[in-house]
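K.L.:
This is the structure I have questions about; it appears just below.
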Amino acid sequence: MFNNRFYGTKTQSSLDNDALRRLAPSVFAETKHESRKETYKFIPTINIIEALRNEGFLPVYAAESRVRDETKKGFAKHLLRFRQHDGFSIVGDVKPEIVLLNSHDGTSSYQLSAGLYRLVCSNGMIVADGQIDCVRVRHSGNVIDNVIEGTYKIITETPRAIEHMDAMRGLNLTRDEQGIFAEVAKGLRWDADETNVKNDELLRPRRDADRSPDLWTTFNVLQEKLLKGGVEVQNKKTKRSQRAQEVKGVGENVRLNKAIWTLAEEMRKLKAA
């Protein structure tokens, strides 16, 4: 479906406006979608980006959903990831980020979440709301100031996510425990009544750096398989198999990211008990 696809970039350099316009044109919308009411306060996302740049946060990733309704083209849901200009302290092989979600067609308010970018596999994770509350800014009032305030709120709380990441690194899983994690995780994307996905394939690492049995590494392997695809998915009715495609819907990407983080947190609590 067209609205399940998006454009994005994995570059680690900051994006200039030309790149942003190519990757997420709705960032530069000049007015709200016609469906929005008079109370909707329109602030172009590029204004937010410029304000964040002035605060030292640079966009390093941009993506935008495609839309089926042509009247919503140029107003679609878009996602951006930011890092502080000083590199935003690297923690091991992870860089903390700020994740911004927005649209101008009513499908999303401004939403700010904590993100972690794992260098070894180019995985961009999003911390679940239960760990660091997602900051939501309505399209009303002083939007720019509220987004900047929300950004700094996320930053002050990010160390908690780092602590949980370190705790996951210190917990090794048995093969049976990894299998349980994989079994539950695959249900986030595929319907168990309709498809069959082998846990062993989900857990098979794609690089030597992911061979550790600790919870953090297992979580990353599963997150990559769920989001980037590549695993064999069999239709139980027809018995036909195909390779899973990458998840490219902006909203679905965010949902899966947060859901699997929540699963990893529950596993951490069970192991630590």
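Going by the structure tokens order, chains are called A, B, ..., each with residues numbered from 1, while ligands are numbered from 1 in the order shown.
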Name all residues at most 6 Å from range 225-240 of chain A (count only C-alpha atoms; drop same-chain ones fewer than 2 positions away) and give them as a ChimeraX atom specification.

P.N.:
/A:194-197,222-223,242-247

K.L.:
Quick one: write out the picked residues with C-alpha atoms as a tab-separated table (two decimals), in the first residue's frame?

P.N.:
```
chain	number	residue	atom	x	y	z
A	194	GLU	CA	-1.77	-16.79	9.39
A	195	THR	CA	2.02	-16.95	9.13
A	196	ASN	CA	4.94	-18.99	10.33
A	197	VAL	CA	8.29	-17.36	11.12
A	222	LEU	CA	15.26	-9.08	16.92
A	223	GLN	CA	14.58	-5.38	16.37
A	242	GLN	CA	8.57	-15.07	0.89
A	243	ARG	CA	11.18	-12.77	2.39
A	244	ALA	CA	9.79	-10.11	4.71
A	245	GLN	CA	10.22	-6.58	3.42
A	246	GLU	CA	11.55	-3.67	5.43
A	247	VAL	CA	8.92	-1.82	7.46
```

K.L.:
Would you work out the distance separating CA of Ala128 in chain A from CA of Arg53 in chain A, expressed in Å to one decimal?

P.N.:
25.1 Å

K.L.:
Would you mind listing what lies within 9 Å of range 101-113 of chain A as an NGL selection string, with only C-alpha atoms counted and same-chain residues fewer than 5 positions away left out?

P.N.:
:A and (26-27 or 29 or 31-36 or 42-45 or 72 or 74-81 or 126-129 or 132-139 or 143 or 147 or 150-151 or 154 or 250-251)

K.L.:
For a test of reading the model, state the distance in Å between CA of Ile162 in chain A and CA of Val94 in chain A, rounded to one decimal.

P.N.:
9.2 Å

K.L.:
Looking at A:Ala272, A:Glu201, A:Pro159, A:Asp93, which one is nearest to Thr217 in chain A, with distances taken over only C-alpha atoms?

P.N.:
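Closest to Thr217 in chain A of all the choices is A:Asp93.
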
K.L.:
Between CA of Asn199 in chain A and CA of Ser212 in chain A, what is the distance, to one decimal in Å?

P.N.:
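Result for CA of Asn199 in chain A versus CA of Ser212 in chain A: 16.6 Å, one decimal.
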
K.L.:
Running DSSP on the backbone, which parts of range 61-269 of chain A land in helix (DSSP H, G or I), as a PDB file with C-alpha atoms, in the first residue's frame?

P.N.:
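So result31.pdb came out as:
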```pdb
ATOM      1  CA  GLU A  70      -3.510  12.960  -3.308  1.00  0.00           C
ATOM      2  CA  THR A  71      -4.981  15.967  -1.501  1.00  0.00           C
ATOM      3  CA  LYS A  72      -2.779  15.101   1.489  1.00  0.00           C
ATOM      4  CA  VAL A 143       4.378  25.414  19.465  1.00  0.00           C
ATOM      5  CA  ILE A 144       8.071  26.192  18.863  1.00  0.00           C
ATOM      6  CA  ASP A 145       8.871  26.959  22.507  1.00  0.00           C
ATOM      7  CA  ASN A 146       6.920  23.896  23.639  1.00  0.00           C
ATOM      8  CA  VAL A 147       8.852  21.624  21.248  1.00  0.00           C
ATOM      9  CA  ILE A 148      12.203  23.028  22.420  1.00  0.00           C
ATOM     10  CA  GLU A 149      11.158  22.612  26.045  1.00  0.00           C
ATOM     11  CA  GLY A 150      10.086  19.042  25.287  1.00  0.00           C
ATOM     12  CA  THR A 151      13.423  18.334  23.610  1.00  0.00           C
ATOM     13  CA  TYR A 152      15.355  19.293  26.722  1.00  0.00           C
ATOM     14  CA  LYS A 153      12.954  17.254  28.863  1.00  0.00           C
ATOM     15  CA  ILE A 154      13.768  14.191  26.758  1.00  0.00           C
ATOM     16  CA  ILE A 155      17.512  14.899  27.135  1.00  0.00           C
ATOM     17  CA  THR A 156      17.338  15.117  30.914  1.00  0.00           C
ATOM     18  CA  GLU A 157      15.561  11.759  31.048  1.00  0.00           C
ATOM     19  CA  THR A 158      17.707   9.921  28.466  1.00  0.00           C
ATOM     20  CA  PRO A 159      20.245   8.749  31.110  1.00  0.00           C
ATOM     21  CA  ARG A 160      17.495   6.475  32.472  1.00  0.00           C
ATOM     22  CA  ALA A 161      17.269   4.765  29.093  1.00  0.00           C
ATOM     23  CA  ILE A 162      21.069   4.389  29.084  1.00  0.00           C
ATOM     24  CA  GLU A 163      20.924   2.806  32.546  1.00  0.00           C
ATOM     25  CA  HIS A 164      18.355   0.287  31.348  1.00  0.00           C
ATOM     26  CA  MET A 165      20.485  -0.429  28.274  1.00  0.00           C
ATOM     27  CA  ASP A 166      23.499  -1.141  30.497  1.00  0.00           C
ATOM     28  CA  ALA A 167      21.355  -3.384  32.701  1.00  0.00           C
ATOM     29  CA  MET A 168      20.268  -5.371  29.627  1.00  0.00           C
ATOM     30  CA  ARG A 169      23.900  -5.772  28.617  1.00  0.00           C
ATOM     31  CA  ARG A 175      18.673 -20.223  24.389  1.00  0.00           C
ATOM     32  CA  ASP A 176      15.196 -21.071  25.684  1.00  0.00           C
ATOM     33  CA  GLU A 177      14.781 -17.529  27.014  1.00  0.00           C
ATOM     34  CA  GLN A 178      15.890 -16.095  23.679  1.00  0.00           C
ATOM     35  CA  GLY A 179      13.315 -18.327  22.006  1.00  0.00           C
ATOM     36  CA  ILE A 180      10.547 -17.009  24.271  1.00  0.00           C
ATOM     37  CA  PHE A 181      11.601 -13.437  23.499  1.00  0.00           C
ATOM     38  CA  ALA A 182      11.560 -14.142  19.755  1.00  0.00           C
ATOM     39  CA  GLU A 183       8.184 -15.900  19.944  1.00  0.00           C
ATOM     40  CA  VAL A 184       6.522 -12.918  21.581  1.00  0.00           C
ATOM     41  CA  ALA A 185       8.383 -10.338  19.488  1.00  0.00           C
ATOM     42  CA  LYS A 186       7.351 -11.764  16.120  1.00  0.00           C
ATOM     43  CA  ASN A 199      12.499 -18.220  15.879  1.00  0.00           C
ATOM     44  CA  ASP A 200      15.953 -19.517  14.987  1.00  0.00           C
ATOM     45  CA  GLU A 201      15.988 -17.332  11.880  1.00  0.00           C
ATOM     46  CA  LEU A 202      14.897 -14.293  13.868  1.00  0.00           C
ATOM     47  CA  LEU A 203      17.695 -14.912  16.374  1.00  0.00           C
ATOM     48  CA  ASP A 208      29.936 -11.249  14.603  1.00  0.00           C
ATOM     49  CA  ALA A 209      29.341  -8.314  16.951  1.00  0.00           C
ATOM     50  CA  ASP A 210      25.824  -9.655  17.577  1.00  0.00           C
ATOM     51  CA  LEU A 215      19.589  -9.284  26.504  1.00  0.00           C
ATOM     52  CA  TRP A 216      20.674  -6.028  24.839  1.00  0.00           C
ATOM     53  CA  THR A 217      22.262  -7.807  21.877  1.00  0.00           C
ATOM     54  CA  THR A 218      19.334 -10.219  21.528  1.00  0.00           C
ATOM     55  CA  PHE A 219      16.955  -7.261  21.584  1.00  0.00           C
ATOM     56  CA  ASN A 220      18.943  -5.548  18.823  1.00  0.00           C
ATOM     57  CA  VAL A 221      19.024  -8.655  16.630  1.00  0.00           C
ATOM     58  CA  LEU A 222      15.260  -9.075  16.921  1.00  0.00           C
ATOM     59  CA  GLN A 223      14.580  -5.377  16.374  1.00  0.00           C
ATOM     60  CA  GLU A 224      16.629  -5.416  13.196  1.00  0.00           C
ATOM     61  CA  LYS A 225      14.830  -8.489  11.848  1.00  0.00           C
ATOM     62  CA  LEU A 226      11.386  -7.065  12.647  1.00  0.00           C
ATOM     63  CA  LEU A 227      12.100  -3.644  11.138  1.00  0.00           C
ATOM     64  CA  LYS A 228      14.467  -4.423   8.276  1.00  0.00           C
ATOM     65  CA  VAL A 250       6.533   5.927   9.568  1.00  0.00           C
ATOM     66  CA  GLY A 251       3.773   5.180  12.075  1.00  0.00           C
ATOM     67  CA  GLU A 252       4.357   1.413  11.983  1.00  0.00           C
ATOM     68  CA  ASN A 253       8.109   1.910  12.401  1.00  0.00           C
ATOM     69  CA  VAL A 254       7.520   3.924  15.561  1.00  0.00           C
ATOM     70  CA  ARG A 255       4.950   1.457  16.899  1.00  0.00           C
ATOM     71  CA  LEU A 256       7.169  -1.594  16.424  1.00  0.00           C
ATOM     72  CA  ASN A 257      10.218   0.159  17.840  1.00  0.00           C
ATOM     73  CA  LYS A 258       8.430   1.120  21.025  1.00  0.00           C
ATOM     74  CA  ALA A 259       6.660  -2.225  21.384  1.00  0.00           C
ATOM     75  CA  ILE A 260       9.822  -4.315  21.176  1.00  0.00           C
ATOM     76  CA  TRP A 261      11.566  -1.985  23.630  1.00  0.00           C
ATOM     77  CA  THR A 262       8.702  -2.660  26.047  1.00  0.00           C
ATOM     78  CA  LEU A 263       9.176  -6.415  25.578  1.00  0.00           C
ATOM     79  CA  ALA A 264      12.894  -6.117  26.262  1.00  0.00           C
ATOM     80  CA  GLU A 265      12.124  -4.152  29.435  1.00  0.00           C
ATOM     81  CA  GLU A 266       9.726  -6.845  30.628  1.00  0.00           C
ATOM     82  CA  MET A 267      12.381  -9.481  29.972  1.00  0.00           C
ATOM     83  CA  ARG A 268      14.887  -7.397  31.936  1.00  0.00           C
ATOM     84  CA  LYS A 269      12.533  -7.201  34.900  1.00  0.00           C
TER      85      LYS A 269
END
```

K.L.:
Using only C-alpha atoms, which of A:Gly249, A:Phe28, A:Asn17, A:Gly115 sits nearest Ala63 in chain A?

P.N.:
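Between A:Gly249, A:Phe28, A:Asn17, A:Gly115, the residue approaching Ala63 in chain A most closely is A:Gly249.
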
K.L.:
Name the closest residue to Glu64 in chain A among the candidates A:Leu20, A:Gly170, A:Ile46, A:Ala114; distances are taken between atoms, counting only C-alpha atoms.

P.N.:
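Closest to Glu64 in chain A, using only C-alpha atoms: A:Leu20.
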
K.L.:
Give the strand (DSSP E) residues of range 43-203 of chain A, as DSSP finds them on the backbone, and put them as JSON, numbers by chain.

P.N.:
{"A": [57, 58, 59, 60, 61, 62, 63, 64, 65, 78, 79, 80, 81, 82, 83, 84, 94, 95, 96, 97, 98, 99, 100, 101, 102, 110, 111, 112, 113, 114, 115, 116, 117, 118, 123, 124, 125, 126, 135, 136, 137, 195, 196]}

K.L.:
Could you write out that same residue set with C-alpha atoms as a PDB file, in the first residue's frame?

P.N.:
```pdb
ATOM      1  CA  PHE A  57      20.333  19.854  17.479  1.00  0.00           C
ATOM      2  CA  LEU A  58      21.029  18.763  13.914  1.00  0.00           C
ATOM      3  CA  PRO A  59      18.799  16.493  11.778  1.00  0.00           C
ATOM      4  CA  VAL A  60      20.592  13.290  10.713  1.00  0.00           C
ATOM      5  CA  TYR A  61      17.632  11.275   9.419  1.00  0.00           C
ATOM      6  CA  ALA A  62      14.401  12.149   7.609  1.00  0.00           C
ATOM      7  CA  ALA A  63      11.491  10.019   6.407  1.00  0.00           C
ATOM      8  CA  GLU A  64       7.993  10.634   5.117  1.00  0.00           C
ATOM      9  CA  SER A  65       4.962   8.446   4.523  1.00  0.00           C
ATOM     10  CA  HIS A  78       7.108  12.680   8.712  1.00  0.00           C
ATOM     11  CA  LEU A  79       9.827  11.600  11.108  1.00  0.00           C
ATOM     12  CA  LEU A  80      13.180  13.192  11.893  1.00  0.00           C
ATOM     13  CA  ARG A  81      16.052  12.169  14.144  1.00  0.00           C
ATOM     14  CA  PHE A  82      18.357  14.768  15.715  1.00  0.00           C
ATOM     15  CA  ARG A  83      21.730  14.742  17.455  1.00  0.00           C
ATOM     16  CA  GLN A  84      23.443  17.513  19.333  1.00  0.00           C
ATOM     17  CA  VAL A  94      25.273   3.802  20.876  1.00  0.00           C
ATOM     18  CA  LYS A  95      24.438   7.450  20.163  1.00  0.00           C
ATOM     19  CA  PRO A  96      21.421   9.027  21.911  1.00  0.00           C
ATOM     20  CA  GLU A  97      19.043  10.926  19.637  1.00  0.00           C
ATOM     21  CA  ILE A  98      15.858  12.990  19.691  1.00  0.00           C
ATOM     22  CA  VAL A  99      13.046  11.617  17.497  1.00  0.00           C
ATOM     23  CA  LEU A 100      10.443  14.075  16.156  1.00  0.00           C
ATOM     24  CA  LEU A 101       7.174  12.983  14.542  1.00  0.00           C
ATOM     25  CA  ASN A 102       4.669  15.362  12.948  1.00  0.00           C
ATOM     26  CA  TYR A 110       4.274  17.054  17.294  1.00  0.00           C
ATOM     27  CA  GLN A 111       5.695  14.080  19.207  1.00  0.00           C
ATOM     28  CA  LEU A 112       9.154  13.887  20.776  1.00  0.00           C
ATOM     29  CA  SER A 113      10.724  10.607  21.877  1.00  0.00           C
ATOM     30  CA  ALA A 114      14.149   9.438  22.977  1.00  0.00           C
ATOM     31  CA  GLY A 115      16.095   7.453  20.403  1.00  0.00           C
ATOM     32  CA  LEU A 116      19.231   5.317  20.501  1.00  0.00           C
ATOM     33  CA  TYR A 117      21.299   4.725  17.370  1.00  0.00           C
ATOM     34  CA  ARG A 118      23.469   1.604  17.436  1.00  0.00           C
ATOM     35  CA  ASN A 123      19.768   0.419  14.004  1.00  0.00           C
ATOM     36  CA  GLY A 124      17.686   3.408  15.041  1.00  0.00           C
ATOM     37  CA  MET A 125      15.692   2.438  18.129  1.00  0.00           C
ATOM     38  CA  ILE A 126      12.987   4.458  19.861  1.00  0.00           C
ATOM     39  CA  VAL A 135       6.260  14.598  24.754  1.00  0.00           C
ATOM     40  CA  ARG A 136       3.209  15.573  22.695  1.00  0.00           C
ATOM     41  CA  VAL A 137       2.746  19.153  21.532  1.00  0.00           C
ATOM     42  CA  THR A 195       2.019 -16.955   9.131  1.00  0.00           C
ATOM     43  CA  ASN A 196       4.944 -18.987  10.328  1.00  0.00           C
TER      44      ASN A 196
END
```

K.L.:
Would you mind telling me which residue in A:Gly187, A:Glu50, A:Lys248, A:Pro213 lies nearest to Asp16 in chain A when using only C-alpha atoms?

P.N.:
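Closest to Asp16 in chain A of all the choices is A:Glu50.
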